[in-house]
Amino acid sequence: MTRQLKQRLLIYGAGVFVYVCAVAATIQYTLSDWVKFILFLTAYLVVGFDAFRQLAEHLMKKEIFSEYLLIILATTGAFGVQRYTEGVLVMLLFELGMMFEAVSTDSARRSIEQMIDIRPEYATRKVRGKETRVEPSELKLRHIIVVKPGERIPVDAVVTVGTSTVDTKALTGEYMPQTVEPGDEIYGGCINLSGVIEARVSRIYQNSTVSKVMEMVEEAQNNKAESETFVTKFSRVYTPVMIVCALFIMIYPSLTFSYGNWDTWIYRGLIFLVVACPCGLVLSVPLAFLAGIASAARQGIVVKGGNYLEFLSKADTFIFDKTGTLTEGVFKVKEIKAEGMTENELLEMAAHVESYSNHPIAKSLLAAYEGKLDRSRVRRVKEAPGFGISATYDGKRVHIGNYRMLEKQNIEHSRIKRTGTVIYLVADKKYAGYIVIADSVKEDAGPLMQYLKEKCRAVLVMLTGDNEASGMEVAEALDMDYAYTDLMPEDKLEQIEDFLGLQDKTEKIVCVGDGINDAPILARADVGIAMGALGSAAAIEAADIVLMEDELIRIKDAIRISKETLRVVSQNIAFSVGMKIIILLLAAVGYFGMWEAILAELGVMFAAILNAVWVVKYTV
């Protein structure tokens, strides 16, 4: 819980305590009007502290009509007619509703913070042969850094010593590791996988790729229009109408009909203003959203605010990252073509030779091979970064690697063109065949796309940093409406801006991604959805909704919950406003006093709360 929210809750609790003491003192003792006024005014000012602060901020922004103006006018009016108890009670109910909304938002934020795996914030600098751990921000141009296997590269640099493979998926979205050697540039945020490398800093921390991406996230969040709660939008119309109606009741009857005196109609106008306070609405609407957020959380979906449920229910454009979002992000054997042996024999040979490697390609071959490994059949294993791996298998010298390896072994064979990664095999200087390893589309991606098209009439878009061949294959398999490939983070953000420029106020864009490169578009979209289990910290932080498990079908659940929550909100609004109109009419003609109106308001409020809790808990 944030410090600001704790202070707010403490002040509210103190106000409630003072109010209870004032009511108890009034019942127990005979107090003068001035003493009563001071006691209840103290409670009122403490309880309403946040309302006065919010009103001041709205007035500074030249936003005159808000729910805070109405509640303060109504409650000060109650004090004006010496209805101290009712005035403070109305403010208590109003603040209780606002508190529910603040607590729900804080709860979602804390859930996100618990999920985020903070990136390492250190770098290993080498000076005169001695290694020292420092903050990345302390590194300067041309400093030498050491990056060991499993460590995250702290800043952009150029490799000077060593050869390794680097996992760049956090930055580019591409799951196939890249081989780096002296002279190659490496980027901050990527992970060193295999060998120890030394590198010379080419960009300081503030100018590194990761920092620039995070700057884009902040700018995107600033460009994203601040969402308005329903109560705020409703109050812009409701507040001036209620004020005009109250003034009409105070003035018009006495001037026109001479029915009753001025005191009577001014009192009724003040009662009308107190009754007009939308306490039930202020409390029931956030509670409906809170129930929706809680329901989503039970299903592994963290929603950072009720407004994102509202936006999701209206979404008509869904933009997806490819690797790790639409696809598994795990390479599998897709095709085997053998020459001079069977396909099973080729796979068996490849799996045995690769069994000594921790490369993702080796893992995919081992996963595909269902037989039992006998490592005694493999000797003299040698890995050549950038080419492949060699070993003696059953007395044969076997080479497995890319097309460069084939050329290095002086084997003449045409390059195989397939979507994915093609590895070639050579046994005793003879071409033995090839194996294609590729990412695969998630099983639930197809059903989700079909649901979005049929139920949401959505436009489906894919943005990816992958090449055109692999990107278009996935897009065609999922029947996407648009697909854009070979994109860097800034390109994705530019594409999102184009889509945002084409939408009107009723249309909403949802972006779904999992990597650092997706963070800017997740922040900029109307609703950003991050894949939580494998997603990067930047993506989870930037997103508005986080899927705790990497299951795309959860988006369907989130949409269903959002629509059901909005249905409950609409019911509560209709019920609250309908009852409010009846109560206001009765108050205007003198049938309802303040206490009767407050009791009726409490009844409306509890009915709306029960509706929110019951419907969302048992139907979502």
# chains A, B, ... in the order shown; residues from 1 in each chain; ligands from 1
>>> residues_around(residues="A:Asp498", least_positions_apart="5", cutoff="12 Å", atoms="only C-alpha atoms", output="PDB file with N, CA, C and O atoms, in the first residue's frame")
ATOM      1  N   ASP A 491       9.698   1.407 -34.508  1.00  0.00           N
ATOM      2  CA  ASP A 491       8.820   1.163 -35.659  1.00  0.00           C
ATOM      3  C   ASP A 491       7.442   0.700 -35.198  1.00  0.00           C
ATOM      4  O   ASP A 491       6.414   1.105 -35.750  1.00  0.00           O
ATOM      5  N   LYS A 492       7.431  -0.161 -34.185  1.00  0.00           N
ATOM      6  CA  LYS A 492       6.155  -0.629 -33.642  1.00  0.00           C
ATOM      7  C   LYS A 492       5.354   0.537 -33.072  1.00  0.00           C
ATOM      8  O   LYS A 492       4.139   0.641 -33.269  1.00  0.00           O
ATOM      9  N   LEU A 493       6.041   1.409 -32.349  1.00  0.00           N
ATOM     10  CA  LEU A 493       5.363   2.556 -31.747  1.00  0.00           C
ATOM     11  C   LEU A 493       4.791   3.479 -32.820  1.00  0.00           C
ATOM     12  O   LEU A 493       3.674   3.991 -32.694  1.00  0.00           O
ATOM     13  N   GLN A 503      -8.615   5.934 -35.371  1.00  0.00           N
ATOM     14  CA  GLN A 503      -9.780   5.545 -34.576  1.00  0.00           C
ATOM     15  C   GLN A 503     -10.555   6.759 -34.089  1.00  0.00           C
ATOM     16  O   GLN A 503     -10.008   7.861 -33.959  1.00  0.00           O
ATOM     17  N   ILE A 509      -8.050   0.396 -28.862  1.00  0.00           N
ATOM     18  CA  ILE A 509      -7.011  -0.498 -29.376  1.00  0.00           C
ATOM     19  C   ILE A 509      -6.380  -1.260 -28.225  1.00  0.00           C
ATOM     20  O   ILE A 509      -6.015  -0.680 -27.193  1.00  0.00           O
ATOM     21  N   ILE A 521       4.621   0.060 -26.940  1.00  0.00           N
ATOM     22  CA  ILE A 521       3.286  -0.019 -27.527  1.00  0.00           C
ATOM     23  C   ILE A 521       2.253  -0.449 -26.487  1.00  0.00           C
ATOM     24  O   ILE A 521       1.091  -0.057 -26.578  1.00  0.00           O
ATOM     25  N   ARG A 524       1.360   2.736 -24.791  1.00  0.00           N
ATOM     26  CA  ARG A 524       0.668   3.717 -25.643  1.00  0.00           C
ATOM     27  C   ARG A 524      -0.753   3.307 -26.005  1.00  0.00           C
ATOM     28  O   ARG A 524      -1.622   4.155 -26.205  1.00  0.00           O
ATOM     29  N   ALA A 525      -1.021   2.019 -26.086  1.00  0.00           N
ATOM     30  CA  ALA A 525      -2.348   1.540 -26.486  1.00  0.00           C
ATOM     31  C   ALA A 525      -3.395   1.894 -25.441  1.00  0.00           C
ATOM     32  O   ALA A 525      -3.075   2.212 -24.296  1.00  0.00           O
TER      33      ALA A 525
END
>>> select_by_dssp(residues="stretch 186-395 of chain A", states="helix (DSSP H, G or I)", output="VMD selection string")
chain A and resid 205 to 207 209 to 223 230 to 256 262 to 276 279 to 298 306 to 314 343 to 354 360 to 368 375 to 377
>>> residues_around(residues="A:Val474", least_positions_apart="4", cutoff="10 Å", atoms="only C-alpha atoms", output="ChimeraX atom specification")
/A:322-323,326-327,439-441,462,469-470,478-480,483
>>> write_last_selection(atoms="C-alpha atoms", output="mmCIF file, in the first residue's frame")
data_model
loop_
_atom_site.group_PDB
_atom_site.id
_atom_site.type_symbol
_atom_site.label_atom_id
_atom_site.label_comp_id
_atom_site.auth_asym_id
_atom_site.auth_seq_id
_atom_site.Cartn_x
_atom_site.Cartn_y
_atom_site.Cartn_z
ATOM 1 C CA LYS A 322 4.490 -12.705 -32.653
ATOM 2 C CA THR A 323 7.298 -14.526 -30.868
ATOM 3 C CA LEU A 326 1.235 -15.831 -30.716
ATOM 4 C CA THR A 327 3.933 -18.503 -30.874
ATOM 5 C CA ASP A 439 8.780 -21.890 -33.599
ATOM 6 C CA SER A 440 5.198 -23.133 -33.481
ATOM 7 C CA VAL A 441 1.915 -21.269 -33.130
ATOM 8 C CA MET A 462 0.524 -8.568 -35.965
ATOM 9 C CA ALA A 469 8.935 -15.209 -44.202
ATOM 10 C CA SER A 470 8.357 -16.392 -40.614
ATOM 11 C CA LEU A 478 -4.090 -17.209 -37.927
ATOM 12 C CA ASP A 479 -5.948 -15.255 -40.640
ATOM 13 C CA MET A 480 -4.651 -11.891 -39.399
ATOM 14 C CA ALA A 483 0.967 -8.100 -40.552
#
>>> residues_around(residues="A:Tyr122", least_positions_apart="6", cutoff="7 Å", atoms="only C-alpha atoms", output="list in words")
Arg133, Val134, Glu135, Pro136 and Pro154 of chain A
>>> write_last_selection(atoms="N, CA, C and O atoms", output="PDB file, in the first residue's frame")
ATOM      1  N   ARG A 133      32.645  -4.905  -9.477  1.00  0.00           N
ATOM      2  CA  ARG A 133      31.216  -4.733  -9.741  1.00  0.00           C
ATOM      3  C   ARG A 133      30.825  -3.279  -9.509  1.00  0.00           C
ATOM      4  O   ARG A 133      31.101  -2.710  -8.442  1.00  0.00           O
ATOM      5  N   VAL A 134      30.179  -2.673 -10.505  1.00  0.00           N
ATOM      6  CA  VAL A 134      29.788  -1.264 -10.424  1.00  0.00           C
ATOM      7  C   VAL A 134      28.354  -1.109 -10.919  1.00  0.00           C
ATOM      8  O   VAL A 134      27.770  -2.023 -11.509  1.00  0.00           O
ATOM      9  N   GLU A 135      27.789   0.077 -10.682  1.00  0.00           N
ATOM     10  CA  GLU A 135      26.472   0.399 -11.224  1.00  0.00           C
ATOM     11  C   GLU A 135      26.604   0.655 -12.724  1.00  0.00           C
ATOM     12  O   GLU A 135      27.584   1.270 -13.157  1.00  0.00           O
ATOM     13  N   PRO A 136      25.647   0.214 -13.536  1.00  0.00           N
ATOM     14  CA  PRO A 136      25.726   0.471 -14.979  1.00  0.00           C
ATOM     15  C   PRO A 136      25.863   1.951 -15.320  1.00  0.00           C
ATOM     16  O   PRO A 136      26.521   2.316 -16.291  1.00  0.00           O
ATOM     17  N   PRO A 154      24.792  -5.068 -19.432  1.00  0.00           N
ATOM     18  CA  PRO A 154      24.316  -3.839 -18.786  1.00  0.00           C
ATOM     19  C   PRO A 154      24.130  -2.651 -19.729  1.00  0.00           C
ATOM     20  O   PRO A 154      23.220  -1.851 -19.548  1.00  0.00           O
TER      21      PRO A 154
END
>>> residues_around(residues="stretch 44-56 of chain A", least_positions_apart="3", cutoff="9 Å", atoms="only C-alpha atoms", output="ChimeraX atom specification")
/A:8,11-16,18-19,39-41,59-61,63-64,66-69,71-72,75,84,87-89,91-92,95
>>> write_last_selection(atoms="C-alpha atoms", output="PDB file, in the first residue's frame")
ATOM      1  CA  ARG A   8      -5.656   8.926   3.298  1.00  0.00           C
ATOM      2  CA  ILE A  11      -7.279  10.596   7.954  1.00  0.00           C
ATOM      3  CA  TYR A  12     -10.578   8.956   7.000  1.00  0.00           C
ATOM      4  CA  GLY A  13     -10.415   6.708  10.079  1.00  0.00           C
ATOM      5  CA  ALA A  14      -9.707   9.704  12.278  1.00  0.00           C
ATOM      6  CA  GLY A  15     -12.700  11.521  10.796  1.00  0.00           C
ATOM      7  CA  VAL A  16     -14.967   8.536  11.427  1.00  0.00           C
ATOM      8  CA  VAL A  18     -14.432  12.100  15.623  1.00  0.00           C
ATOM      9  CA  TYR A  19     -17.872  11.740  14.008  1.00  0.00           C
ATOM     10  CA  LEU A  39     -17.642  18.927  16.950  1.00  0.00           C
ATOM     11  CA  PHE A  40     -19.335  18.012  13.676  1.00  0.00           C
ATOM     12  CA  LEU A  41     -17.397  20.619  11.705  1.00  0.00           C
ATOM     13  CA  LEU A  59     -10.494  24.266 -10.017  1.00  0.00           C
ATOM     14  CA  MET A  60      -6.785  24.830 -10.741  1.00  0.00           C
ATOM     15  CA  LYS A  61      -7.350  22.915 -13.989  1.00  0.00           C
ATOM     16  CA  GLU A  63     -12.689  21.983 -14.289  1.00  0.00           C
ATOM     17  CA  ILE A  64     -15.564  23.508 -12.350  1.00  0.00           C
ATOM     18  CA  SER A  66     -17.256  17.662 -10.698  1.00  0.00           C
ATOM     19  CA  GLU A  67     -18.616  15.233  -8.134  1.00  0.00           C
ATOM     20  CA  TYR A  68     -16.503  17.035  -5.513  1.00  0.00           C
ATOM     21  CA  LEU A  69     -18.237  20.384  -6.118  1.00  0.00           C
ATOM     22  CA  ILE A  71     -20.777  16.907  -2.520  1.00  0.00           C
ATOM     23  CA  ILE A  72     -19.217  19.999  -0.902  1.00  0.00           C
ATOM     24  CA  THR A  75     -22.904  19.024   2.717  1.00  0.00           C
ATOM     25  CA  TYR A  84     -24.741  18.492  11.000  1.00  0.00           C
ATOM     26  CA  GLY A  87     -23.978  16.488   6.380  1.00  0.00           C
ATOM     27  CA  VAL A  88     -21.046  14.545   7.818  1.00  0.00           C
ATOM     28  CA  LEU A  89     -22.723  11.182   7.093  1.00  0.00           C
ATOM     29  CA  MET A  91     -19.508  13.044   3.189  1.00  0.00           C
ATOM     30  CA  LEU A  92     -18.553   9.769   4.930  1.00  0.00           C
ATOM     31  CA  GLU A  95     -15.435   9.261   0.682  1.00  0.00           C
TER      32      GLU A  95
END
>>> select_by_dssp(residues="stretch 390-592 of chain A", states="strand (DSSP E)", output="ChimeraX atom specification")
/A:390-393,396-401,421-427,430-438,459-463,482-484,508-513,527-531,545-547
